[in-house]
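Structure, as structure tokens:
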Number of protein chains: 2
Amino acid sequence: MLFATRGYKATTMRDIAAEVGMQPGSLYYHFASKQELLQAIYEIAVKQAQARLDEAIAEPHDPKTVFERAIIAHTETMLDQNNYAKVMTGVLPLDAPEIQADLTAMRDGYEATFTRIIDDLQLPPSIDKKMLRLLVLGATNATRTWYRPGGDTPEQIGTKIVAILRIAI
Amino acid sequence: MLFATRGYKATTMRDIAAEVGMQPGSLYYHFASKQELLQAIYEIAVKQAQARLDEAIAEPHDPKTVFERAIIAHTETMLDQNNYAKVMTGVLPLDAPEIQADLTAMRDGYEATFTRIIDDLQLPPSIDKKMLRLLVLGATNATRTWYRPGGDTPEQIGTKIVAILRIAI
DNA sequence: TAATAAAACAAACAGTTGTTTGGTAAAGTA
DNA sequence: TACTTTACCAAACAACTGTTTGTTTTATTA
């Protein structure tokens with residue numbers, strides 16, 4: 001997905017057309033505009049990510065295990081090559097002003113699951129739960145900027161992140 | 001800085017010219033190309049960030065304190081309004097292919113300080129030091145995507161991140 | 001088979017992009 | 001003073017952008 005790797009502005013309708021083997025104009029039979037195309041992809045992306053996350057935490061576990069499984073699932077989502085989900089972190093909603101609120105809302109829906117998972121954790125009072133969520137999502141989202149296939153697998157990376165959060169410093 | 005908030009592609013030479021009160025063409029008296037302009041700004045950005053970081057860890061402290069002070073300094077850098085440093089996370093080096101290597105090198109130089117700081121830490125063997133660096137930078141860099149003035153101050157945010165890493169889960 | 005709808009094409013459109021050009025006023029220098 | 005350099009402007013350039021148009025191919029239905 002070009003939106004995910006290059007960003008919204010840098011991806012032209014001609015690029016997209018070439019990727020799917022079409023003429024640029026043909027895209028407008030399926031989508032009314034570039035923004036609408038992004039919106040459609042973004043929706044699929046969030047649903048894919050949500051499905052993966054839901055599956056990872058479906059079985060009953062203690063809150064801590066749920067949290068750790070969620071981190072690993074989200075990391076895998078971010079690093080999965082065949083996955084639209086990277087548009088969530090590769091596109092600034094600011095780039096598509098008319099659908100900005102919609103994109104943000106979709107993403108917020110996904111992140112709400114993490115809010116719930118973290119809310120179930122028993123944590124010392126010194127830890128700000130909202131900050132924990134932002135820290136975890138920030139760190140896992142960032143993996144896609146440095147990840148290169150051949151090193152640690154996505155699962156291993158997720159596991160290492162969990163290991164750090166389990167007993168840090 | 002427009003590059004930082006909008007990204008490279010979405011920032012036009014006309015935008016920049018308007019911001020500094022010039023005609024678009026006049027910019028080319030000072031910089032040979034858009035890429036060269038980015039390069040110059042990026043260099044200033046990294047130097048600013050490095051200076052702030054160096055100052056924060058200048059006084060002798062135990063490794064753990066140095067680490068915590070570094071996190072707070074970097075968070076402040078990311079959230080400081082009057083600071084070029086955000087281009088480091090707001091621009092994909094991929095957008096400017098001809099200077100990509102140069103940008104990455106500058107940034108790597110900055111992050112090397114964190115590598116050194118983390119190397120001095122005494123950590124349980126279950127913690128991967130490289131992953132700790134990536135986690136911390138990922139989480140702190142991400143602050144600029146959700147930070148809004150009026151809530152926690154940059155320093156408070158940095159402190160909260162430290163609190164999480166100090167005794168996580 | 002003939003008629004109709006779906007999906008694509010080729011070519012163009014107006015607006016925007018980074019960049020170049022030739023000129024000009026101000027500042028510095030001999 | 002005459003000359004050169006610095007810093008800018010106004011206007012244009014070709015290339016590229018998202019999008020529209022009219023037409024043709026492909027698939028579906030009667």
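We label chains A, B, ... in the order they appear in the structure tokens, count residues from 1 in each chain, and number ligands from 1 in the order shown.
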Exercise. With a distance threshold of 12 Å and counting only C-alpha atoms (C1' of nucleotides), extract the residues of chain A near chain D and express them as a PyMOL selection string.
Key: chain A and resi 9-15+24-29+31-35
Output as a list in words the set of chain B residues within 6 Å of chain A, with distances taken over only C-alpha atoms.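 Interface list for chain B against chain A: Ile127, Leu135, Gly138, Ala139, Ala142, Ile164, Leu165, Arg166, Ile167, Ala168 and Ile169 of chain B.
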Grab the residues selected above and save them as a PDB file, in the first residue's frame with N, CA and C atoms.
```pdb
ATOM      1  N   ILE B 127      16.189  -7.706  29.347  1.00  0.00           N
ATOM      2  CA  ILE B 127      15.917  -6.474  28.599  1.00  0.00           C
ATOM      3  C   ILE B 127      16.932  -6.268  27.486  1.00  0.00           C
ATOM      4  N   LEU B 135      12.254   1.730  21.871  1.00  0.00           N
ATOM      5  CA  LEU B 135      10.975   1.938  22.581  1.00  0.00           C
ATOM      6  C   LEU B 135      10.892   3.359  23.129  1.00  0.00           C
ATOM      7  N   GLY B 138      10.704   5.873  20.281  1.00  0.00           N
ATOM      8  CA  GLY B 138       9.395   5.752  19.641  1.00  0.00           C
ATOM      9  C   GLY B 138       8.314   6.423  20.453  1.00  0.00           C
ATOM     10  N   ALA B 139       8.314   6.148  21.741  1.00  0.00           N
ATOM     11  CA  ALA B 139       7.281   6.698  22.616  1.00  0.00           C
ATOM     12  C   ALA B 139       7.419   8.213  22.746  1.00  0.00           C
ATOM     13  N   ALA B 142       6.557  10.099  19.554  1.00  0.00           N
ATOM     14  CA  ALA B 142       5.115  10.081  19.291  1.00  0.00           C
ATOM     15  C   ALA B 142       4.366  11.143  20.083  1.00  0.00           C
ATOM     16  N   ILE B 164       6.808   5.418  34.284  1.00  0.00           N
ATOM     17  CA  ILE B 164       6.354   4.127  33.752  1.00  0.00           C
ATOM     18  C   ILE B 164       7.539   3.185  33.552  1.00  0.00           C
ATOM     19  N   LEU B 165       8.600   3.717  33.013  1.00  0.00           N
ATOM     20  CA  LEU B 165       9.756   2.865  32.737  1.00  0.00           C
ATOM     21  C   LEU B 165      10.457   2.443  34.024  1.00  0.00           C
ATOM     22  N   ARG B 166      10.263   3.221  35.071  1.00  0.00           N
ATOM     23  CA  ARG B 166      10.955   2.938  36.322  1.00  0.00           C
ATOM     24  C   ARG B 166      10.386   1.695  37.004  1.00  0.00           C
ATOM     25  N   ILE B 167       9.083   1.562  36.972  1.00  0.00           N
ATOM     26  CA  ILE B 167       8.466   0.385  37.584  1.00  0.00           C
ATOM     27  C   ILE B 167       7.264  -0.023  36.753  1.00  0.00           C
ATOM     28  N   ALA B 168       7.523  -0.645  35.676  1.00  0.00           N
ATOM     29  CA  ALA B 168       6.398  -0.935  34.776  1.00  0.00           C
ATOM     30  C   ALA B 168       5.713  -2.227  35.163  1.00  0.00           C
ATOM     31  N   ILE B 169       4.464  -2.229  34.925  1.00  0.00           N
ATOM     32  CA  ILE B 169       3.584  -3.383  35.098  1.00  0.00           C
ATOM     33  C   ILE B 169       3.781  -4.144  36.386  1.00  0.00           C
TER      34      ILE B 169
END
```
query: What are the residues of chain C that have an atom within 8 Å of an atom of chain B, counting only C-alpha atoms (C1' of nucleotides), as an MDAnalysis selection string?
result: chainID C and resid 17:19
Would you output that residue set with C-alpha atoms (C1' of nucleotides), as a PDB file, in the first residue's frame?
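Writing done, so here's selection-v1.pdb:
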```pdb
ATOM      1  C1'  DT C  17       4.441  22.191  -8.294  1.00  0.00           C
ATOM      2  C1'  DG C  18       9.628  23.191  -8.075  1.00  0.00           C
ATOM      3  C1'  DT C  19      12.483  25.982 -10.505  1.00  0.00           C
TER       4       DT C  19
END
```
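Straight-line separation from CA of Thr113 (chain B) to CA of Ala58 (chain B): 12.2 Å.
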